[in-house]
Structures are given as C-alpha cells and as structure tokens.
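A quick write-up on the structure given underneath.
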Amino acid sequence: MFQFKKIAKLPLILILCECGREFLQEEMYCCLSCQNSICRYCTSNEIFCYYCRSCGDVQITSEASNLTISCSSCFECPICKNVLRRQVDTEKNYGFICSYCFYTTRTIGVTDPNFQQVYAKINNAYKNEYEAEYKDFQEQYNRIKSIENNNLIIKKQQKNKHVLKSLTQSCPKSDALTHYSNSEIEKIAKEKNLKVIFQRYNLDLNNKQVQLQDFNPIQQPPTQLPIPLGLLSRKNRKCRKCQKLIFTLQSEKNSKKFAYSVQNLHYDYAPYFQVGKVSYVNKERTELSVIIQMFNKTKNAIEYSFTQLDSQTLEQYKLLTVKNLPSPTFTFNNDNIENDVQQYQKFEAILIIKDATKIQFAFCVSAKIKMPMDQQQLNYNVNVYIGTL
Amino acid sequence: MDAIIQYDKSEFHETSSGIKISKKSIIKGTEQINVSGRCIFFHDVILRGDLAKVSIGKYLVVHEKVTLKPSYTYGYTKESPTKKVIKFLPLMISDYVEIDSSSIIQASKIGTCTSIGKNCYISHRCIIGENSIILDDSILPPDTVVPANSVYGGRPAIYIAETPESTAIIQKQKLINFYKNFVPKS
C-alpha cells in the first residue's frame, strides 16, 4: 500500500504506533474498543469483493471462491502488461490489440467475425498448451500420494509391533510417531495449478523498491497468448487484537461505486497537530522555539494532555528533550463548527540544540473524547521532524 | 506549516471567483471553458478550450509547462456520414486535482483528489478515477482506465499499489493550504 510519508515535505508530524512504525496522522486508524490508535500493519484485511480494474465488473467473494480470480472479458498484453482493447479488421474480424506496443492477436491467429468466439479460442489455446504438463503433474501427484499412504501403513504396523514389545517387556511409554502430512503436497499442487492455468500479480511494497519499466517492443516477438486480467480486491479492516471492524464497505445498488459504512480514522478522534513558526531563541543559536498548533477536527469536544517520553526511548531514537511541555489538560469545544472558523490552541516548545545533528523531538498525548454515550480515551506518541542542522 | 509562495501581482490575473492565471499562459476558447473557482495556473500552461468543452472543478493547481488538451476519436458525423472524421471529446477535471510540471494531458476525465506527477503523458480517452496517484515520468497509453484508490506508474503505466483510505483528506488539505499560502508580494 502506498505511504504518504515518502512524498510529504518537512516539517513532518508522525505518529508512532506500538509496533514501532511511523505514519502520518491521516493514515492512522483508531480502535475504540482497544482505546488505541493503530497503523495499517496492526490491522487485518478481510476481502469484501473482487473487481476488474478496467471494466469495473464486481465479483462477490462467494462467486470468486471457485478460483476464477481473473476477469472473463479483459486481457493483458504479454509483453508490456497493458490492458488490451478490441480491434476490427477491414475484413470485419474481431481481435485484441495493445495500444502501447501494438501487439495483436492476429499474429497468433486468434481472430473471428463473432467476438465471443475469440474468448473461446483463447481459452482453448491455453488448455491445449498446458494440458500435457497438467496431466504429467497429476500423475506425479498421484504417485507421491500412493507412496506416502504406503509409508503410513508401514509406520502404523511398526508402531503396533513396538506397542506389543512394550507390553511384554514393560518398557517406558513410546514416543509419538511423526506423521508425514499431505498438507505440503497440497500446497505445492495448488500453486502449480494456478501457475499453469492463470497468472496473478500480487505486489508487496513493504520495504521493496518497485522498478518502473521501459519497454522496447520491437525486440520482443509477439508469439504469446494474451493473459487474463487479474482481479483486484476491496477489503474491510479489522483490529488484530480485538477483531472489531474499523473500516467496512457498502456497495451502492446498480453501480460500481463503493462507500464506507463504518470508518474509524485517528483523525476523527484525536487532536490534529501542525507545526507553526520555527525560530532561534538565542543569538548563540543553542535553543530553538517551535510553535505547535492543535486543531479539533472531530465533531465532539476533546480533553487532552501531554507527557514526556522515557529517557531510554529518547536516547534510543536520538530525540531532543522538550524543556517546557505543558502539564495541564487542554479542552477543546466545537462551538464554531458551522462558521468554518478554525480555532486552534498552541504551545511553544523550546529545544536545546547544542550537540544535536537532527531536529527531532517527541512527546506522548492522551486524549479523551466526550461522545454522547461514552467517554473514549486514546493514548499515542507523536514524533515531530523539522529538518537537519 | 507549509511554505508561503509569493508571486508578483503584475504577472498574474486574478478573477472574482479566486482563479489565478499567469499572464504567460496560453488559454484558447474561453467560451467553452468552465472553471468553478480557486484554481491556480502557473506560467507556460496551455489550455485548449477551442477544440471541445473543458469543465474544471475547484482547487485545481496546474504547475509550469503543462498542456491540457481534450481527447479525440474517429467517428461519423451528420456532415460526413460516410467518411470517418476526428471528433473531439469534452475534458472534465474534478475538484482537488494537482498536475505537476511538464506533463501533457489528453484524458477525458480526471476524478477528485488525484495527483499527477512530473513529465507524465496521459494519452487520449483515458479515465482516471478518484483518490489516485500517477507517479512521475509515467506514460498512460490510450483508453486506459485507472480505478479509484490506485497508484499507477511506469512506461506503460501499470497498477502498482493501493492508496490508503485517507487520501482524499490528505489531498484536500494539501491543496487548500497551497492556495492559502499562494499570496501576492506585499
């Protein structure tokens, strides 16, 4: 998933999750039952539906459970992975063409005056190409299964002999025999099944660099079949600890659009921080003053307070200490919501910069939201990055 | 705290609805251009409203050397029912869109809260969904459909990642603050 921390400009305000990762304030979620703000890695995803990224067709999970995780009407170019579009010849034969590298199905011979038969031709071509491999694989799979079943029988017979010996010779308890389970074989079989018939693209961007590609289509010969387009998924989010829903989707009737029925963002339950003026206090430039502004973007009133972090965490992350963190609790009432006037509260943090190389400081915040039925409480850490010296 | 950008009043026109256009930009066919308000057009921007209708939402920021052109198809018209003729399609840009410098846009529709990077080429008849990001130096081939909440990049541009649920909030704040901090020199 994309992270806005990479694009955002300094000064940055990031929130530190319990797992040690830092995100922007808008990217954090809020679990009301755990009374904590969590990041995307502390949530689990539940697939709501699959959809095609070019035609927008939606498949609900129960229909998609038959392992057809590709669109029936859209295909991808095997060379440049662009979505193919329809082409009509002068002889009125339908086919597919790529608008970037000009790959066509005409070179393979997959054209027909009836467009629906083009799909049938492509599917039959896949079956013929991979049928022999699939049969070989199935035979091997069956052979391995029979061998393992024989091994199990032999082990059971050995176990019975061992038990009889133990009864006669009053031996101690026998150790549990290790079975050889077929789950690994089934996993390999599933993976090969899917590779043989379909292709899927699942990209994880966690600590990976995506290389943007640049194709020269003239060099690559167009002899390959078009690839069925893999479907993307829309997901609901749940908290990993308490398994309660944080984000749920709702499809609108007779349309391909989705709306969120439940959404709990950190933004909606906590004060929003912004960095104001940054200036030196002394002529010697040993102390900085940073003005931090707090906004209330929720619909309810908030009470919040600050506390200092431990000395261990300050040393671990090389953070500067804030001299004058305010101790009392701030209250924020939303009186002027209708007037569009953004009220904010602020405090001036003074930092000592003598031997520092980075301007980076942090503090803890605990917020109480005065909702009509309950009083919810959130605890989280805020990190502020201003720049380098 | 976003950086304040100061500009010369003599270099920009400012309308009553808050549209700030550089005098060095080229805008044709103003009769067919409809802008909601609070937009910024930097210098060397080319807007072709003479080819087809252009409708633009609010809080659009167009950086330097961007060309905005309506897309086209081949089709039959009443005037020429037998021969195929070029037809220009209307261009629709929704609210809270940012287009970075030196990019060429011939899309038919750009959704809300999208950001388009530098040196991008978006070909004709493309549809860009809402809350999506197109990375720098990318080329979208013609007729591509970028779904909502997605990141596209590369040559040709392919689906790379999903955007978080709060992209709309981030993009709106960014552009509202940009417009507020774009201030004339006193």
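Letters for chains follow the order of the structure tokens (A, B, ...), residue numbers begin at 1 for each chain, and ligand numbers begin at 1 in the order shown.
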Cut-off 9 Å: closest chain B/chain A atom pairs per residue, using only C-alpha atoms, as JSON lines:
{"residue": "B:Met1", "atom": "CA", "partner": "A:Val275", "partner_atom": "CA", "distance": 5.2}
{"residue": "B:Asp2", "atom": "CA", "partner": "A:Pro11", "partner_atom": "CA", "distance": 8.3}
{"residue": "B:Ser138", "atom": "CA", "partner": "A:Leu212", "partner_atom": "CA", "distance": 8.5}
{"residue": "B:Leu140", "atom": "CA", "partner": "A:Tyr100", "partner_atom": "CA", "distance": 8.7}
{"residue": "B:Pro141", "atom": "CA", "partner": "A:Tyr100", "partner_atom": "CA", "distance": 5.7}
{"residue": "B:Pro142", "atom": "CA", "partner": "A:Ser99", "partner_atom": "CA", "distance": 6.3}
{"residue": "B:Asp143", "atom": "CA", "partner": "A:Arg85", "partner_atom": "CA", "distance": 8.0}
{"residue": "B:Thr144", "atom": "CA", "partner": "A:Val83", "partner_atom": "CA", "distance": 7.2}
{"residue": "B:Val145", "atom": "CA", "partner": "A:Ser54", "partner_atom": "CA", "distance": 5.4}
{"residue": "B:Val146", "atom": "CA", "partner": "A:Arg53", "partner_atom": "CA", "distance": 7.1}
{"residue": "B:Pro147", "atom": "CA", "partner": "A:Arg53", "partner_atom": "CA", "distance": 5.6}
{"residue": "B:Ala148", "atom": "CA", "partner": "A:Arg53", "partner_atom": "CA", "distance": 8.8}
{"residue": "B:Ser150", "atom": "CA", "partner": "A:Phe2", "partner_atom": "CA", "distance": 8.7}
{"residue": "B:Val151", "atom": "CA", "partner": "A:Phe2", "partner_atom": "CA", "distance": 7.5}
{"residue": "B:Gly153", "atom": "CA", "partner": "A:Leu212", "partner_atom": "CA", "distance": 6.8}
{"residue": "B:Gly154", "atom": "CA", "partner": "A:Leu212", "partner_atom": "CA", "distance": 4.6}
{"residue": "B:Arg155", "atom": "CA", "partner": "A:Asp214", "partner_atom": "CA", "distance": 5.1}
{"residue": "B:Pro156", "atom": "CA", "partner": "A:Asn82", "partner_atom": "CA", "distance": 6.8}
{"residue": "B:Ala157", "atom": "CA", "partner": "A:Asn82", "partner_atom": "CA", "distance": 7.6}
{"residue": "B:Ile158", "atom": "CA", "partner": "A:Asn82", "partner_atom": "CA", "distance": 6.8}
{"residue": "B:Tyr159", "atom": "CA", "partner": "A:Arg53", "partner_atom": "CA", "distance": 8.9}
{"residue": "B:Ile160", "atom": "CA", "partner": "A:Leu203", "partner_atom": "CA", "distance": 7.2}
{"residue": "B:Ala161", "atom": "CA", "partner": "A:Met1", "partner_atom": "CA", "distance": 5.3}
{"residue": "B:Glu162", "atom": "CA", "partner": "A:Met1", "partner_atom": "CA", "distance": 4.9}
{"residue": "B:Thr163", "atom": "CA", "partner": "A:Phe2", "partner_atom": "CA", "distance": 5.1}
{"residue": "B:Pro164", "atom": "CA", "partner": "A:Phe2", "partner_atom": "CA", "distance": 6.7}
{"residue": "B:Glu165", "atom": "CA", "partner": "A:Glu27", "partner_atom": "CA", "distance": 7.7}
{"residue": "B:Ser166", "atom": "CA", "partner": "A:Glu26", "partner_atom": "CA", "distance": 6.0}
{"residue": "B:Thr167", "atom": "CA", "partner": "A:Glu26", "partner_atom": "CA", "distance": 8.2}
{"residue": "B:Ile169", "atom": "CA", "partner": "A:Glu26", "partner_atom": "CA", "distance": 7.4}
{"residue": "B:Ile170", "atom": "CA", "partner": "A:Glu26", "partner_atom": "CA", "distance": 6.8}
>> Residues near Val45 of chain B, anyone? I mean within 6 Å using only C-alpha atoms, not counting same-chain ones fewer than 4 positions away, as a list of chain:residue names.
In response: B:Ser25, B:Lys65, B:Val66, B:Thr67
>> I need the residue nearest Tyr7 of chain B from this list: B:Asn149, B:His43, B:Lys58, B:Ile93. Use only C-alpha atoms for the distance.
In response: B:His43
> DSSP says alpha helix (DSSP H) for which residues of segment 22-185 of chain B? Put them as JSON, numbers by chain?
Replying inline: {"B": [167, 168, 169, 170, 171, 172, 173, 174, 175, 176, 177, 178, 179, 180, 181]}
Can you pull out every residue within 12 Å of Lys9 of chain B, counting only C-alpha atoms, but drop anything in the same chain fewer than 3 positions away, and send it as a compact mmCIF listing (two decimals) with C-alpha atoms, in the first residue's frame?
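Result file out.txt:
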# COMPACT_ATOMS: atom_id res chain seq x y z
CA GLN B 6 4.77 34.84 -3.07
CA PHE B 12 -0.95 37.03 -12.62
CA HIS B 13 -4.59 37.75 -13.40
CA GLU B 14 -6.98 37.19 -10.52
CA LYS B 20 -5.20 32.97 -10.50
CA ILE B 21 -3.81 32.67 -14.02
CA SER B 22 -0.33 33.60 -15.11
CA LYS B 23 -0.11 36.11 -17.93
CA PHE B 182 -0.07 31.42 -2.59
CA VAL B 183 -0.01 35.07 -1.75
CA PRO B 184 0.97 38.23 -3.64
CA LYS B 185 4.07 40.10 -2.60
CA SER B 186 3.25 42.99 -0.38
>> If I take atom CA of Thr90 of chain A and atom CA of Pro78 of chain A, how far is one from the other in Å, to one decimal?
In response: 24.9 Å
> as a ChimeraX atom specification, which residues of segment 71-163 of chain A does DSSP assign to strand (DSSP E)?
Replying inline: /A:71-76,85-88,94-97
Write the residues you've just listed into a file as an mmCIF file, in the first residue's frame, and include C-alpha atoms for each of them.
data_model
loop_
_atom_site.group_PDB
_atom_site.id
_atom_site.type_symbol
_atom_site.label_atom_id
_atom_site.label_comp_id
_atom_site.auth_asym_id
_atom_site.auth_seq_id
_atom_site.Cartn_x
_atom_site.Cartn_y
_atom_site.Cartn_z
ATOM 1 C CA CYS A 71 -11.821 -11.172 -15.477
ATOM 2 C CA SER A 72 -13.684 -13.078 -18.153
ATOM 3 C CA SER A 73 -13.734 -10.225 -20.647
ATOM 4 C CA CYS A 74 -10.421 -8.378 -20.186
ATOM 5 C CA PHE A 75 -6.896 -9.407 -21.155
ATOM 6 C CA GLU A 76 -3.374 -8.111 -20.652
ATOM 7 C CA ARG A 85 -8.652 -3.341 -26.428
ATOM 8 C CA ARG A 86 -10.839 -4.578 -29.247
ATOM 9 C CA GLN A 87 -9.809 -4.293 -32.860
ATOM 10 C CA VAL A 88 -11.827 -4.680 -36.037
ATOM 11 C CA TYR A 94 -12.508 -9.096 -34.194
ATOM 12 C CA GLY A 95 -9.325 -9.381 -32.163
ATOM 13 C CA PHE A 96 -7.292 -7.719 -29.430
ATOM 14 C CA ILE A 97 -4.626 -5.046 -29.788
#
> In Å, with one decimal, what is the gap from atom CA of Tyr272 of chain A to atom CA of Lys299 of chain A?
Replying inline: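 Interatomic distance here is 12.8 Å.
For the atom pair formed by atom CA of Ser71 of chain B and atom CA of Arg125 of chain B, the distance is 5.7 Å, given to one decimal.
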